[in-house]
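First comes the structure, then the notes that go with it.
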Amino acid sequence: MKIRKQRIWLLVLSIVVAIAGIGALGATVWYKQMLSPVDVNSQQTFRINIKEGMGSSDIAKTLEDNKIIKNSLAFSIYTRLHNSASKFKAGVYSVKASQSVDEIINHLTSGKTDEIAITFYPGSTLNKKIKNSDGREVESVLLKTGFSDDQIKKAFAAKYDSPVFAGRPENAGLEGYIYGETFYISPDETAEQVLQRSIDHLEKIVKKYNLEEKFKAHGLTLYQGITLASIIQRESIGCGSGVETCEDQRKIASVFYNRLKANMPLGSDVTYQYIADKTGVERSPNLKSPYNTRIQKGLTPGPIASPSLSALNAAADPINSDYLYFLSGDDDITYFAKTNEEHEANVKAHCQKKCQIS
């Protein structure tokens, strides 16, 4: 009887071992299949931007979502088994669906980036400011990318050919023309080539949205339109990058157009703040400068920042209003007024902190 039970247990154990073996074999086969290329004949190339602190699971999901690898779990298992999970290097890499997981991981951990991601920001200035620098100026971005001071200086002084410079004075710089966008550049590109890319992108935006003709309808040249858009950009908050239309900016644009029509100074604080920071003098609403629209009528001599798409569209298509005043309240809401009395009431009710800052 005992022998019979032992035989039964041995049979059960054998079956369990066999099943486990089959399961292990199946798992091994599955794992190997998941590591193989999605399509050896595919010409599909995918650009992946690995940022600092990005984990292997995030990378795996991105690759799986874009059909570059078959399975993110198998990818993650491979990185753990080969101690690769912490070896991914930040940068922009080009990978293909025809590559195996092993080939992809070796490339992503090599540090040999195929491209460099460089991001310029809407509302940023060309040069580093004397005070309140946030590291988003074009100069700062180029420095972080690895360009030297001399290379950047040379790029800023270079001559660029583009229809987007229509109406721009001969001695004017690039302020306002470095469009806020992320560009993927090769490691051997010069600073001039990088800036040319951004200028070319702005040219495409101007053409796509017919901005030159729209500015002309409001009595402005393309250069003046970009200048006005730059002021609108710095005066507005809460309008994200890449947004086509922002109602706050369109209202601000209407205020400026109404003031120009009434032969009033624009009254924009950001204009004297810009020139004070650029020249290294104290910010003051009484600063004597053609850039100080608190006391000078008309537009500034040129742009004071890089306008976003929504700011450009706002300058080209303002709302129809009777507003002559606006302010950004302490609650980050923009309040508009038709009369000075209404404006003063808005200051008293909504701007006890911000309106004290020069």
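Ordering of the structure tokens sets the chain letters (A, B, ...), residue numbers begin anew at 1 in every chain, and ligands are numbered from 1 in the order given.
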Can you list, as JSON, numbers by chain, every protein, DNA or RNA residue that comes within 10 Å of stretch 53-65 of chain A when you count only C-alpha atoms, leaving out same-chain residues fewer than 4 positions away?
-> {"A": [38, 46, 47, 48, 49, 69, 70, 71, 72, 73, 74, 75, 76, 77, 79, 80, 84, 85, 86, 87, 88, 89, 90, 95, 96, 97, 101, 104, 105, 108]}
Each residue of stretch 224-280 of chain A with at least one atom at most 12 Å from stretch 156-168 of chain A should appear once, together with its nearest atom pair and the corresponding distance in Å (one decimal); atoms considered: only C-alpha atoms; ordering: chain, then increasing residue number; output as CSV.
```
residue,atom,partner,partner_atom,distance
A:Gln224,CA,A:Gly167,CA,8.0
A:Gly225,CA,A:Gly167,CA,10.2
A:Ile226,CA,A:Val164,CA,9.7
A:Thr227,CA,A:Arg168,CA,10.2
```
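Of note, atom CA of A:Thr119 and atom CA of A:Leu195 are spaced 11.3 Å apart.
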Any idea what the distance is between atom CA of A:Phe256 and atom CA of A:Ser268?
-> 9.0 Å
Where does stretch 179-243 of chain A meet stretch 330-349 of chain A within 12 Å, residue by residue, with the nearest atom pair and distance in Å to one decimal for each, counting only C-alpha atoms, listed by chain and rising number, as a tab-separated table?
```
residue	atom	partner	partner_atom	distance
A:Glu235	CA	A:Thr334	CA	9.7
A:Ser236	CA	A:Thr334	CA	8.0
A:Ile237	CA	A:Asp332	CA	7.3
A:Gly238	CA	A:Asp332	CA	8.2
A:Cys239	CA	A:Asp332	CA	11.7
```
May I ask for the distance between atom CA of A:Pro285 and atom CA of A:Ile232, given in Å to one decimal place?
->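 Interatomic distance here is 18.0 Å.
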Give me, as a Markdown table, each residue of stretch 171-268 of chain A that comes within 12 Å of stretch 316-328 of chain A, together with its shortest interatomic pair and the distance in Å at one decimal, counting only C-alpha atoms, with rows ordered by chain and rising residue number.
```
| residue | atom | partner | partner_atom | distance |
| --- | --- | --- | --- | --- |
| A:Val206 | CA | A:Ala316 | CA | 10.5 |
| A:Tyr209 | CA | A:Ala316 | CA | 9.2 |
| A:Asn210 | CA | A:Ala316 | CA | 9.1 |
| A:Leu211 | CA | A:Ala316 | CA | 6.3 |
| A:Glu212 | CA | A:Ala316 | CA | 8.4 |
| A:Glu213 | CA | A:Ala316 | CA | 8.7 |
| A:Lys214 | CA | A:Ala316 | CA | 5.3 |
| A:Phe215 | CA | A:Ala316 | CA | 5.3 |
| A:Lys216 | CA | A:Ala316 | CA | 8.8 |
| A:Ala217 | CA | A:Ala316 | CA | 8.5 |
| A:His218 | CA | A:Ala316 | CA | 7.7 |
| A:Gly219 | CA | A:Ala316 | CA | 10.5 |
| A:Leu220 | CA | A:Ala316 | CA | 9.4 |
| A:Thr221 | CA | A:Ala316 | CA | 10.9 |
| A:Leu222 | CA | A:Ala316 | CA | 9.9 |
| A:Gln224 | CA | A:Ala316 | CA | 10.8 |
| A:Gly225 | CA | A:Ala316 | CA | 7.3 |
| A:Ile226 | CA | A:Ala316 | CA | 9.4 |
| A:Thr227 | CA | A:Ala316 | CA | 11.6 |
| A:Leu228 | CA | A:Ala316 | CA | 9.5 |
| A:Ala229 | CA | A:Ala316 | CA | 8.4 |
| A:Ile232 | CA | A:Pro318 | CA | 10.9 |
| A:Arg234 | CA | A:Ser328 | CA | 11.4 |
| A:Glu235 | CA | A:Ser328 | CA | 8.2 |
| A:Ser236 | CA | A:Ser328 | CA | 7.9 |
| A:Ile237 | CA | A:Ser328 | CA | 8.1 |
| A:Gly238 | CA | A:Ser328 | CA | 10.8 |
| A:Glu244 | CA | A:Asp317 | CA | 11.3 |
| A:Thr245 | CA | A:Asp317 | CA | 9.4 |
| A:Cys246 | CA | A:Pro318 | CA | 10.1 |
| A:Glu247 | CA | A:Ile319 | CA | 8.1 |
| A:Asp248 | CA | A:Ile319 | CA | 9.6 |
| A:Gln249 | CA | A:Pro318 | CA | 8.0 |
| A:Arg250 | CA | A:Pro318 | CA | 4.5 |
| A:Lys251 | CA | A:Ile319 | CA | 5.8 |
| A:Ile252 | CA | A:Phe326 | CA | 7.2 |
| A:Ala253 | CA | A:Pro318 | CA | 5.3 |
| A:Ser254 | CA | A:Pro318 | CA | 5.2 |
| A:Val255 | CA | A:Leu324 | CA | 4.9 |
| A:Phe256 | CA | A:Leu324 | CA | 7.4 |
| A:Tyr257 | CA | A:Pro318 | CA | 8.3 |
| A:Asn258 | CA | A:Leu324 | CA | 6.3 |
| A:Arg259 | CA | A:Leu324 | CA | 6.3 |
| A:Leu260 | CA | A:Leu324 | CA | 10.0 |
| A:Lys261 | CA | A:Leu324 | CA | 10.6 |
| A:Ala262 | CA | A:Leu324 | CA | 9.4 |
| A:Asn263 | CA | A:Leu324 | CA | 11.6 |
| A:Met264 | CA | A:Leu324 | CA | 9.4 |
| A:Pro265 | CA | A:Leu324 | CA | 10.6 |
| A:Leu266 | CA | A:Leu324 | CA | 9.1 |
| A:Gly267 | CA | A:Tyr325 | CA | 8.7 |
| A:Ser268 | CA | A:Phe326 | CA | 9.7 |
```
Could you tell me, as an mmCIF file with N, CA and C atoms, in the first residue's frame, which residues of stretch 155-344 of chain A DSSP assigns to helix (DSSP H, G or I) when given the backbone?
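Below you can see result_0.cif, which holds the result:
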```cif
data_model
loop_
_atom_site.group_PDB
_atom_site.id
_atom_site.type_symbol
_atom_site.label_atom_id
_atom_site.label_comp_id
_atom_site.auth_asym_id
_atom_site.auth_seq_id
_atom_site.Cartn_x
_atom_site.Cartn_y
_atom_site.Cartn_z
ATOM 1 N N ALA A 155 27.748 83.681 -33.559
ATOM 2 C CA ALA A 155 26.435 83.324 -34.112
ATOM 3 C C ALA A 155 25.459 84.490 -34.015
ATOM 4 N N PHE A 156 25.490 85.218 -32.908
ATOM 5 C CA PHE A 156 24.603 86.366 -32.745
ATOM 6 C C PHE A 156 24.938 87.486 -33.731
ATOM 7 N N ALA A 157 26.214 87.591 -34.101
ATOM 8 C CA ALA A 157 26.647 88.664 -35.006
ATOM 9 C C ALA A 157 26.563 88.272 -36.476
ATOM 10 N N PRO A 163 13.063 85.745 -45.390
ATOM 11 C CA PRO A 163 11.983 86.714 -45.635
ATOM 12 C C PRO A 163 11.346 87.217 -44.347
ATOM 13 N N VAL A 164 11.547 86.484 -43.246
ATOM 14 C CA VAL A 164 10.943 86.871 -41.979
ATOM 15 C C VAL A 164 11.559 88.159 -41.436
ATOM 16 N N PHE A 165 12.715 88.575 -41.995
ATOM 17 C CA PHE A 165 13.364 89.802 -41.558
ATOM 18 C C PHE A 165 12.842 91.040 -42.293
ATOM 19 N N ALA A 191 26.609 76.845 -33.949
ATOM 20 C CA ALA A 191 25.597 77.692 -33.313
ATOM 21 C C ALA A 191 24.812 78.467 -34.360
ATOM 22 N N GLU A 192 25.498 78.887 -35.443
ATOM 23 C CA GLU A 192 24.810 79.590 -36.526
ATOM 24 C C GLU A 192 23.754 78.707 -37.178
ATOM 25 N N GLN A 193 24.077 77.451 -37.390
ATOM 26 C CA GLN A 193 23.127 76.520 -38.012
ATOM 27 C C GLN A 193 21.918 76.287 -37.108
ATOM 28 N N VAL A 194 22.161 76.249 -35.805
ATOM 29 C CA VAL A 194 21.068 76.057 -34.843
ATOM 30 C C VAL A 194 20.123 77.258 -34.886
ATOM 31 N N LEU A 195 20.682 78.461 -34.858
ATOM 32 C CA LEU A 195 19.853 79.666 -34.900
ATOM 33 C C LEU A 195 19.113 79.776 -36.230
ATOM 34 N N GLN A 196 19.765 79.372 -37.313
ATOM 35 C CA GLN A 196 19.107 79.391 -38.621
ATOM 36 C C GLN A 196 17.888 78.481 -38.632
ATOM 37 N N ARG A 197 17.999 77.340 -37.960
ATOM 38 C CA ARG A 197 16.850 76.420 -37.859
ATOM 39 C C ARG A 197 15.660 77.114 -37.212
ATOM 40 N N SER A 198 15.937 77.813 -36.116
ATOM 41 C CA SER A 198 14.865 78.484 -35.385
ATOM 42 C C SER A 198 14.254 79.614 -36.204
ATOM 43 N N ILE A 199 15.098 80.372 -36.891
ATOM 44 C CA ILE A 199 14.622 81.457 -37.751
ATOM 45 C C ILE A 199 13.768 80.887 -38.888
ATOM 46 N N ASP A 200 14.218 79.779 -39.467
ATOM 47 C CA ASP A 200 13.455 79.135 -40.543
ATOM 48 C C ASP A 200 12.093 78.665 -40.041
ATOM 49 N N HIS A 201 12.057 78.193 -38.797
ATOM 50 C CA HIS A 201 10.786 77.722 -38.225
ATOM 51 C C HIS A 201 9.828 78.902 -38.036
ATOM 52 N N LEU A 202 10.363 80.042 -37.579
ATOM 53 C CA LEU A 202 9.533 81.239 -37.441
ATOM 54 C C LEU A 202 8.985 81.659 -38.799
ATOM 55 N N GLU A 203 9.811 81.553 -39.829
ATOM 56 C CA GLU A 203 9.364 81.889 -41.182
ATOM 57 C C GLU A 203 8.173 81.018 -41.592
ATOM 58 N N LYS A 204 8.238 79.733 -41.257
ATOM 59 C CA LYS A 204 7.131 78.820 -41.575
ATOM 60 C C LYS A 204 5.856 79.220 -40.839
ATOM 61 N N ILE A 205 6.019 79.622 -39.581
ATOM 62 C CA ILE A 205 4.867 80.059 -38.779
ATOM 63 C C ILE A 205 4.230 81.301 -39.397
ATOM 64 N N VAL A 206 5.065 82.253 -39.786
ATOM 65 C CA VAL A 206 4.573 83.498 -40.389
ATOM 66 C C VAL A 206 3.797 83.209 -41.666
ATOM 67 N N LYS A 207 4.315 82.294 -42.482
ATOM 68 C CA LYS A 207 3.648 81.947 -43.741
ATOM 69 C C LYS A 207 2.361 81.164 -43.481
ATOM 70 N N LYS A 208 2.428 80.192 -42.585
ATOM 71 C CA LYS A 208 1.273 79.332 -42.321
ATOM 72 C C LYS A 208 0.068 80.132 -41.849
ATOM 73 N N LEU A 211 0.674 85.900 -41.318
ATOM 74 C CA LEU A 211 0.829 86.974 -40.337
ATOM 75 C C LEU A 211 1.196 88.318 -40.964
ATOM 76 N N GLU A 212 2.029 88.297 -41.995
ATOM 77 C CA GLU A 212 2.458 89.565 -42.591
ATOM 78 C C GLU A 212 1.261 90.351 -43.120
ATOM 79 N N GLU A 213 0.350 89.679 -43.807
ATOM 80 C CA GLU A 213 -0.840 90.354 -44.348
ATOM 81 C C GLU A 213 -1.766 90.806 -43.226
ATOM 82 N N LYS A 214 -1.885 89.997 -42.185
ATOM 83 C CA LYS A 214 -2.761 90.359 -41.057
ATOM 84 C C LYS A 214 -2.214 91.560 -40.306
ATOM 85 N N PHE A 215 -0.893 91.612 -40.116
ATOM 86 C CA PHE A 215 -0.292 92.785 -39.473
ATOM 87 C C PHE A 215 -0.507 94.028 -40.332
ATOM 88 N N LYS A 216 -0.349 93.852 -41.641
ATOM 89 C CA LYS A 216 -0.514 94.970 -42.575
ATOM 90 C C LYS A 216 -1.914 95.562 -42.476
ATOM 91 N N ALA A 217 -2.901 94.694 -42.252
ATOM 92 C CA ALA A 217 -4.288 95.152 -42.126
ATOM 93 C C ALA A 217 -4.470 96.047 -40.900
ATOM 94 N N LEU A 222 5.766 93.586 -40.780
ATOM 95 C CA LEU A 222 6.042 92.307 -40.126
ATOM 96 C C LEU A 222 6.925 92.525 -38.900
ATOM 97 N N TYR A 223 7.932 93.361 -39.037
ATOM 98 C CA TYR A 223 8.839 93.647 -37.923
ATOM 99 C C TYR A 223 8.085 94.268 -36.748
ATOM 100 N N GLN A 224 7.194 95.212 -37.041
ATOM 101 C CA GLN A 224 6.410 95.854 -35.987
ATOM 102 C C GLN A 224 5.430 94.867 -35.346
ATOM 103 N N GLY A 225 4.888 93.977 -36.179
ATOM 104 C CA GLY A 225 3.973 92.966 -35.649
ATOM 105 C C GLY A 225 4.665 92.020 -34.683
ATOM 106 N N ILE A 226 5.879 91.612 -35.040
ATOM 107 C CA ILE A 226 6.652 90.743 -34.152
ATOM 108 C C ILE A 226 7.024 91.497 -32.880
ATOM 109 N N THR A 227 7.329 92.780 -33.021
ATOM 110 C CA THR A 227 7.649 93.618 -31.854
ATOM 111 C C THR A 227 6.457 93.697 -30.910
ATOM 112 N N LEU A 228 5.276 93.976 -31.457
ATOM 113 C CA LEU A 228 4.073 94.053 -30.621
ATOM 114 C C LEU A 228 3.786 92.702 -29.971
ATOM 115 N N ALA A 229 3.932 91.619 -30.729
ATOM 116 C CA ALA A 229 3.688 90.281 -30.188
ATOM 117 C C ALA A 229 4.629 89.966 -29.029
ATOM 118 N N SER A 230 5.868 90.459 -29.119
ATOM 119 C CA SER A 230 6.830 90.204 -28.042
ATOM 120 C C SER A 230 6.420 90.905 -26.752
ATOM 121 N N ILE A 231 5.855 92.094 -26.873
ATOM 122 C CA ILE A 231 5.381 92.830 -25.691
ATOM 123 C C ILE A 231 4.171 92.114 -25.094
ATOM 124 N N ILE A 232 3.262 91.687 -25.959
ATOM 125 C CA ILE A 232 2.091 90.930 -25.511
ATOM 126 C C ILE A 232 2.528 89.666 -24.782
ATOM 127 N N GLN A 233 3.542 88.994 -25.327
ATOM 128 C CA GLN A 233 4.052 87.767 -24.722
ATOM 129 C C GLN A 233 4.523 88.010 -23.288
ATOM 130 N N ARG A 234 5.307 89.063 -23.091
ATOM 131 C CA ARG A 234 5.861 89.329 -21.768
ATOM 132 C C ARG A 234 4.816 89.862 -20.794
ATOM 133 N N GLU A 235 3.746 90.427 -21.319
ATOM 134 C CA GLU A 235 2.694 90.972 -20.455
ATOM 135 C C GLU A 235 1.662 89.926 -20.040
ATOM 136 N N GLU A 247 -7.135 83.987 -25.418
ATOM 137 C CA GLU A 247 -8.058 85.124 -25.319
ATOM 138 C C GLU A 247 -7.483 86.266 -24.498
ATOM 139 N N ASP A 248 -6.748 85.937 -23.423
ATOM 140 C CA ASP A 248 -6.118 86.989 -22.626
ATOM 141 C C ASP A 248 -5.180 87.824 -23.498
ATOM 142 N N GLN A 249 -4.389 87.156 -24.315
ATOM 143 C CA GLN A 249 -3.451 87.868 -25.178
ATOM 144 C C GLN A 249 -4.180 88.684 -26.235
ATOM 145 N N ARG A 250 -5.279 88.186 -26.747
ATOM 146 C CA ARG A 250 -6.052 88.935 -27.739
ATOM 147 C C ARG A 250 -6.661 90.189 -27.110
ATOM 148 N N LYS A 251 -7.039 90.106 -25.823
ATOM 149 C CA LYS A 251 -7.568 91.277 -25.123
ATOM 150 C C LYS A 251 -6.457 92.298 -24.872
ATOM 151 N N ILE A 252 -5.280 91.790 -24.475
ATOM 152 C CA ILE A 252 -4.139 92.681 -24.259
ATOM 153 C C ILE A 252 -3.779 93.382 -25.565
ATOM 154 N N ALA A 253 -3.805 92.633 -26.662
ATOM 155 C CA ALA A 253 -3.528 93.224 -27.978
ATOM 156 C C ALA A 253 -4.517 94.343 -28.283
ATOM 157 N N SER A 254 -5.771 94.133 -27.929
ATOM 158 C CA SER A 254 -6.782 95.167 -28.203
ATOM 159 C C SER A 254 -6.500 96.433 -27.407
ATOM 160 N N VAL A 255 -6.015 96.275 -26.166
ATOM 161 C CA VAL A 255 -5.643 97.439 -25.360
ATOM 162 C C VAL A 255 -4.548 98.232 -26.052
ATOM 163 N N PHE A 256 -3.523 97.549 -26.522
ATOM 164 C CA PHE A 256 -2.402 98.235 -27.169
ATOM 165 C C PHE A 256 -2.826 98.909 -28.473
ATOM 166 N N TYR A 257 -3.650 98.240 -29.265
ATOM 167 C CA TYR A 257 -4.125 98.857 -30.503
ATOM 168 C C TYR A 257 -4.992 100.083 -30.202
ATOM 169 N N ASN A 258 -5.833 99.981 -29.171
ATOM 170 C CA ASN A 258 -6.676 101.115 -28.801
ATOM 171 C C ASN A 258 -5.833 102.296 -28.336
ATOM 172 N N ARG A 259 -4.754 102.013 -27.615
ATOM 173 C CA ARG A 259 -3.872 103.076 -27.144
ATOM 174 C C ARG A 259 -3.103 103.712 -28.314
ATOM 175 N N LEU A 260 -2.642 102.883 -29.244
ATOM 176 C CA LEU A 260 -1.959 103.424 -30.414
ATOM 177 C C LEU A 260 -2.893 104.334 -31.207
ATOM 178 N N LYS A 261 -4.128 103.894 -31.355
ATOM 179 C CA LYS A 261 -5.122 104.671 -32.102
ATOM 180 C C LYS A 261 -5.433 105.995 -31.395
ATOM 181 N N ASP A 269 4.893 98.024 -18.565
ATOM 182 C CA ASP A 269 6.021 97.947 -17.636
ATOM 183 C C ASP A 269 7.146 97.055 -18.157
ATOM 184 N N VAL A 270 6.788 96.002 -18.886
ATOM 185 C CA VAL A 270 7.813 95.038 -19.307
ATOM 186 C C VAL A 270 8.811 95.650 -20.283
ATOM 187 N N THR A 271 8.441 96.759 -20.915
ATOM 188 C CA THR A 271 9.352 97.368 -21.888
ATOM 189 C C THR A 271 10.513 98.082 -21.201
ATOM 190 N N TYR A 272 10.223 98.853 -20.156
ATOM 191 C CA TYR A 272 11.338 99.511 -19.462
ATOM 192 C C TYR A 272 12.121 98.502 -18.628
ATOM 193 N N GLN A 273 11.446 97.448 -18.167
ATOM 194 C CA GLN A 273 12.151 96.404 -17.423
ATOM 195 C C GLN A 273 13.154 95.686 -18.331
ATOM 196 N N TYR A 274 12.754 95.467 -19.567
ATOM 197 C CA TYR A 274 13.632 94.808 -20.537
ATOM 198 C C TYR A 274 14.902 95.610 -20.767
ATOM 199 N N ILE A 275 14.765 96.883 -21.076
ATOM 200 C CA ILE A 275 15.941 97.677 -21.411
ATOM 201 C C ILE A 275 16.794 97.959 -20.176
ATOM 202 N N ALA A 276 16.161 98.034 -19.013
ATOM 203 C CA ALA A 276 16.932 98.229 -17.777
ATOM 204 C C ALA A 276 17.788 96.993 -17.503
ATOM 205 N N ASP A 277 17.198 95.818 -17.645
ATOM 206 C CA ASP A 277 17.946 94.576 -17.427
ATOM 207 C C ASP A 277 19.055 94.410 -18.463
ATOM 208 N N LYS A 278 18.751 94.775 -19.690
ATOM 209 C CA LYS A 278 19.730 94.595 -20.767
ATOM 210 C C LYS A 278 20.935 95.513 -20.595
ATOM 211 N N THR A 279 20.688 96.725 -20.111
ATOM 212 C CA THR A 279 21.774 97.700 -19.976
ATOM 213 C C THR A 279 22.361 97.733 -18.572
ATOM 214 N N LEU A 309 3.440 81.437 -30.525
ATOM 215 C CA LEU A 309 2.452 81.385 -31.606
ATOM 216 C C LEU A 309 1.189 82.150 -31.225
ATOM 217 N N SER A 310 0.717 81.950 -29.989
ATOM 218 C CA SER A 310 -0.524 82.618 -29.580
ATOM 219 C C SER A 310 -0.347 84.128 -29.492
ATOM 220 N N ALA A 311 0.840 84.596 -29.091
ATOM 221 C CA ALA A 311 1.086 86.040 -29.021
ATOM 222 C C ALA A 311 1.139 86.647 -30.419
ATOM 223 N N LEU A 312 1.759 85.930 -31.354
ATOM 224 C CA LEU A 312 1.795 86.395 -32.744
ATOM 225 C C LEU A 312 0.380 86.479 -33.314
ATOM 226 N N ASN A 313 -0.410 85.453 -33.046
ATOM 227 C CA ASN A 313 -1.790 85.456 -33.543
ATOM 228 C C ASN A 313 -2.629 86.525 -32.856
ATOM 229 N N ALA A 314 -2.336 86.816 -31.584
ATOM 230 C CA ALA A 314 -3.065 87.866 -30.869
ATOM 231 C C ALA A 314 -2.775 89.230 -31.482
ATOM 232 N N ALA A 315 -1.508 89.479 -31.817
ATOM 233 C CA ALA A 315 -1.140 90.755 -32.453
ATOM 234 C C ALA A 315 -1.748 90.879 -33.841
ATOM 235 N N ALA A 316 -1.958 89.738 -34.491
ATOM 236 C CA ALA A 316 -2.540 89.727 -35.833
ATOM 237 C C ALA A 316 -4.061 89.757 -35.805
ATOM 238 N N ASN A 340 -9.745 105.011 -16.609
ATOM 239 C CA ASN A 340 -8.726 105.032 -15.565
ATOM 240 C C ASN A 340 -9.346 104.761 -14.199
ATOM 241 N N GLU A 341 -10.579 105.238 -14.001
ATOM 242 C CA GLU A 341 -11.266 105.003 -12.725
ATOM 243 C C GLU A 341 -11.497 103.506 -12.504
ATOM 244 N N GLU A 342 -11.929 102.822 -13.559
ATOM 245 C CA GLU A 342 -12.126 101.369 -13.450
ATOM 246 C C GLU A 342 -10.790 100.667 -13.197
ATOM 247 N N HIS A 343 -9.744 101.148 -13.864
ATOM 248 C CA HIS A 343 -8.414 100.556 -13.696
ATOM 249 C C HIS A 343 -7.929 100.722 -12.256
ATOM 250 N N GLU A 344 -8.069 101.912 -11.709
ATOM 251 C CA GLU A 344 -7.645 102.157 -10.330
ATOM 252 C C GLU A 344 -8.427 101.286 -9.357
#
```
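Considering only stretch 13-114 of chain A, backbone DSSP assigns strand (DSSP E) to Thr45, Phe46, Arg47, Ile48, Asn49, Ile50, Gly91, Val92, Tyr93, Ser94, Val95 and Lys96 of chain A.
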With the cut-off set at 9 Å and counting only C-alpha atoms, tabulate each residue of stretch 260-343 of chain A with an atom at most that distance from an atom of stretch 174-187 of chain A, showing the nearest atom pair and its distance in Å to one decimal, ordered by chain and increasing number, as CSV.
```
residue,atom,partner,partner_atom,distance
A:Gly302,CA,A:Glu175,CA,7.7
A:Pro303,CA,A:Gly176,CA,5.1
A:Ile304,CA,A:Gly176,CA,6.4
A:Ala305,CA,A:Gly176,CA,4.8
A:Ser306,CA,A:Gly176,CA,4.0
A:Pro307,CA,A:Gly176,CA,6.4
A:Ser308,CA,A:Gly180,CA,6.6
A:Leu309,CA,A:Gly180,CA,8.8
```
